[in-house]
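Heads up: the structure comes next, in structure tokens.
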Amino acid sequence: MKYISGIHALNLRCSLQTCGDWHQSGIQWKMPTVRESSNSLFGDYGIEKNSYVPEHEGTFNTANHIRACLDLLAEGNFGYAQGMRNELICNDSYTPEIFKKVYVLRNLKHWDKISQFMGKEYGIQWLNFLSKEKP
């Protein structure tokens with residue numbers, strides 16, 4: 001399924017109790033970031049239907065804020081994901097779910113960078129999670 005993700009999805013409302021980003025007016029909306037869910041380790045997880053997108057008619061499938069962050073990490077796009085915990089998600093009740101989903105990325109070539117990023121965002125919580133997951 002095609003869906004809008006990345007920084008564009010972070011600047012749209014979603015059904016989660018998360019902050020998302022707030023630079024909607026500063027983003028070009030003519031060509032939003034579109035991904036294909038069948039090409040992702042996450043499949044259709046976190047994709048919402050019937051979202052409105054600025055400068056476009058009709059509705060679209062869009063990543064919720066967690067899925068948009070996961071896609072950014074999977075792509076190694078840490079710049080747009082920076083502030084994930086405190087500025088984009090803003091709700092620690094989602095942390096266990098986020099950790100489990102991020103751990104799905106552990107076999108990617110850039111896993112070390114993903115893990116370092118998560119350590120900067122979540123600190124000791126991430127390290128504790130990893131210590132419980134390792135065999």
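Note on naming: chains are A, B, ... as they come in the structure tokens, residues start from 1 per chain, ligands start from 1 in the order shown.
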**OP:** Find the residues near A:Ile89: any atom within 10 Å, counting only C-alpha atoms, skip ones fewer than 5 places away on the same chain, and give them as a VMD selection string.
**Re:** chain A and resid 10 16 to 21 65 to 66 69 83 to 84 94 to 95 98
Original post:
Residues of stretch 19-130 of chain A in alpha helix (DSSP H) according to DSSP, as a ChimeraX atom specification?
Top reply: /A:65-75,78-81,95-103,111-122,124-130
N, CA and C atoms of the current selection, written as a CSV table (one decimal), in the first residue's frame:
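To be explicit, this is the file written out as again16.csv:
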chain,number,residue,atom,x,y,z
A,65,HIS,N,2.6,9.1,13.6
A,65,HIS,CA,3.9,9.7,14.0
A,65,HIS,C,4.9,8.6,14.3
A,66,ILE,N,4.5,7.6,15.0
A,66,ILE,CA,5.5,6.5,15.3
A,66,ILE,C,6.0,5.9,14.0
A,67,ARG,N,5.1,5.5,13.1
A,67,ARG,CA,5.5,4.9,11.9
A,67,ARG,C,6.4,5.8,11.1
A,68,ALA,N,6.1,7.1,11.0
A,68,ALA,CA,7.0,8.0,10.3
A,68,ALA,C,8.4,8.1,10.9
A,69,CYS,N,8.5,8.0,12.2
A,69,CYS,CA,9.8,8.0,12.9
A,69,CYS,C,10.5,6.7,12.6
A,70,LEU,N,9.8,5.6,12.6
A,70,LEU,CA,10.4,4.3,12.3
A,70,LEU,C,10.9,4.3,10.9
A,71,ASP,N,10.2,4.8,9.9
A,71,ASP,CA,10.6,4.9,8.6
A,71,ASP,C,11.9,5.7,8.4
A,72,LEU,N,11.9,6.8,9.1
A,72,LEU,CA,13.1,7.7,9.1
A,72,LEU,C,14.4,7.0,9.6
A,73,LEU,N,14.2,6.2,10.7
A,73,LEU,CA,15.3,5.4,11.3
A,73,LEU,C,15.7,4.3,10.3
A,74,ALA,N,14.8,3.7,9.7
A,74,ALA,CA,15.1,2.6,8.7
A,74,ALA,C,15.9,3.1,7.6
A,75,GLU,N,15.6,4.4,7.2
A,75,GLU,CA,16.3,5.0,6.0
A,75,GLU,C,17.6,5.6,6.5
A,78,PHE,N,18.4,10.4,10.3
A,78,PHE,CA,18.4,10.8,11.7
A,78,PHE,C,18.1,12.2,12.0
A,79,GLY,N,18.4,13.1,11.0
A,79,GLY,CA,18.2,14.5,11.2
A,79,GLY,C,16.8,14.9,11.4
A,80,TYR,N,15.9,14.3,10.5
A,80,TYR,CA,14.5,14.6,10.6
A,80,TYR,C,13.9,13.9,11.9
A,81,ALA,N,14.5,12.8,12.3
A,81,ALA,CA,14.0,12.1,13.5
A,81,ALA,C,14.5,12.6,14.8
A,95,THR,N,6.5,4.3,24.6
A,95,THR,CA,7.9,3.9,24.5
A,95,THR,C,8.1,2.4,24.4
A,96,PRO,N,7.4,1.5,25.1
A,96,PRO,CA,7.6,0.1,24.9
A,96,PRO,C,7.3,-0.4,23.5
A,97,GLU,N,6.2,0.1,22.9
A,97,GLU,CA,5.8,-0.2,21.6
A,97,GLU,C,6.9,0.2,20.6
A,98,ILE,N,7.4,1.5,20.8
A,98,ILE,CA,8.5,2.0,19.9
A,98,ILE,C,9.7,1.2,20.0
A,99,PHE,N,10.1,0.8,21.2
A,99,PHE,CA,11.3,0.0,21.4
A,99,PHE,C,11.2,-1.3,20.7
A,100,LYS,N,10.1,-2.0,20.8
A,100,LYS,CA,9.9,-3.3,20.1
A,100,LYS,C,10.0,-3.1,18.6
A,101,LYS,N,9.4,-2.1,18.1
A,101,LYS,CA,9.4,-1.8,16.6
A,101,LYS,C,10.8,-1.5,16.2
A,102,VAL,N,11.5,-0.6,16.9
A,102,VAL,CA,12.9,-0.2,16.5
A,102,VAL,C,13.7,-1.5,16.5
A,103,TYR,N,13.6,-2.4,17.4
A,103,TYR,CA,14.4,-3.6,17.5
A,103,TYR,C,14.2,-4.5,16.3
A,111,TRP,N,22.5,-0.6,11.9
A,111,TRP,CA,21.9,-0.8,13.3
A,111,TRP,C,22.6,0.0,14.4
A,112,ASP,N,24.0,0.0,14.3
A,112,ASP,CA,24.7,0.7,15.3
A,112,ASP,C,24.3,2.2,15.4
A,113,LYS,N,24.1,2.8,14.3
A,113,LYS,CA,23.7,4.2,14.3
A,113,LYS,C,22.3,4.4,14.8
A,114,ILE,N,21.4,3.4,14.4
A,114,ILE,CA,20.1,3.5,15.0
A,114,ILE,C,20.1,3.4,16.5
A,115,SER,N,20.8,2.4,17.0
A,115,SER,CA,20.9,2.2,18.4
A,115,SER,C,21.5,3.4,19.1
A,116,GLN,N,22.6,4.0,18.5
A,116,GLN,CA,23.2,5.2,19.1
A,116,GLN,C,22.1,6.3,19.2
A,117,PHE,N,21.4,6.5,18.1
A,117,PHE,CA,20.3,7.5,18.0
A,117,PHE,C,19.3,7.3,19.2
A,118,MET,N,18.9,6.0,19.3
A,118,MET,CA,17.9,5.7,20.4
A,118,MET,C,18.5,6.0,21.7
A,119,GLY,N,19.7,5.7,21.9
A,119,GLY,CA,20.4,6.0,23.2
A,119,GLY,C,20.4,7.4,23.5
A,120,LYS,N,20.6,8.3,22.5
A,120,LYS,CA,20.6,9.7,22.7
A,120,LYS,C,19.2,10.2,23.1
A,121,GLU,N,18.2,9.6,22.4
A,121,GLU,CA,16.8,10.0,22.6
A,121,GLU,C,16.2,9.5,23.9
A,122,TYR,N,16.5,8.2,24.2
A,122,TYR,CA,15.8,7.6,25.4
A,122,TYR,C,16.7,7.2,26.5
A,124,ILE,N,19.0,5.7,29.3
A,124,ILE,CA,19.1,4.4,30.0
A,124,ILE,C,17.9,3.5,29.8
A,125,GLN,N,16.8,4.0,29.4
A,125,GLN,CA,15.6,3.2,29.1
A,125,GLN,C,16.0,2.3,27.9
A,126,TRP,N,16.6,2.9,26.9
A,126,TRP,CA,17.0,2.1,25.7
A,126,TRP,C,18.0,1.0,26.1
A,127,LEU,N,19.0,1.4,26.8
A,127,LEU,CA,20.0,0.5,27.2
A,127,LEU,C,19.5,-0.7,28.0
A,128,ASN,N,18.5,-0.4,28.9
A,128,ASN,CA,17.9,-1.4,29.7
A,128,ASN,C,17.1,-2.4,28.8
A,129,PHE,N,16.4,-1.8,27.8
A,129,PHE,CA,15.6,-2.6,26.9
A,129,PHE,C,16.6,-3.5,26.1
A,130,LEU,N,17.7,-3.0,25.6
A,130,LEU,CA,18.6,-3.8,24.9
A,130,LEU,C,19.2,-5.0,25.7
Which residues come within 8 Å of A:Tyr3, counting only C-alpha atoms, excluding same-chain residues fewer than 2 positions away, as a tab-separated table (two decimals) with C-alpha atoms, in the first residue's frame?
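Wrote it out as around_22.tsv, contents follow:
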chain	number	residue	atom	x	y	z
A	1	MET	CA	0.00	0.00	0.00
A	5	SER	CA	5.69	9.10	5.44
A	34	VAL	CA	5.60	8.38	-0.55
A	35	ARG	CA	6.59	4.85	0.47
A	36	GLU	CA	5.31	1.36	-0.30
A	37	SER	CA	4.41	-0.68	2.79
A	47	ILE	CA	-0.61	3.45	8.41
A	60	PHE	CA	-4.45	9.60	1.45
A	61	ASN	CA	-2.90	6.80	3.46
A	62	THR	CA	-0.39	8.30	5.88
A	63	ALA	CA	2.04	7.02	8.47
**OP:** Within chain A, find each residue whose DSSP state, derived from the backbone, is strand (DSSP E or B), and express the selection as a list of chain:residue names.
**Re:** A:Lys2, A:Tyr3, A:Ile4, A:Val34, A:Arg35, A:Glu36, A:Ile47, A:Glu48, A:Lys49, A:Asn50, A:Ser51, A:Phe60, A:Asn61, A:Thr62, A:Ala63
Original post:
Using only C-alpha atoms, which of A:Asn64, A:Ser38, A:Pro54, A:Tyr45 sits nearest A:Ser15?
Top reply: A:Asn64
**OP:** Kindly indicate which residue among A:Cys14, A:Asn107, A:Ile7, A:Arg85 lies nearest to A:Asn50, using only C-alpha atoms for the distances.
**Re:**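 Ranked by minimum distance to A:Asn50, first place goes to A:Cys14.
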Subject >> Counting only C-alpha atoms, the residue of A:Ser40, A:Ser51, A:Gln28, A:Asn77 that sits nearest A:Ile4 >> reply: A:Ser51
Subject >> Between atom CA of A:Thr59 and atom CA of A:Leu12 - distance in Å to one decimal >> reply: 12.1 Å
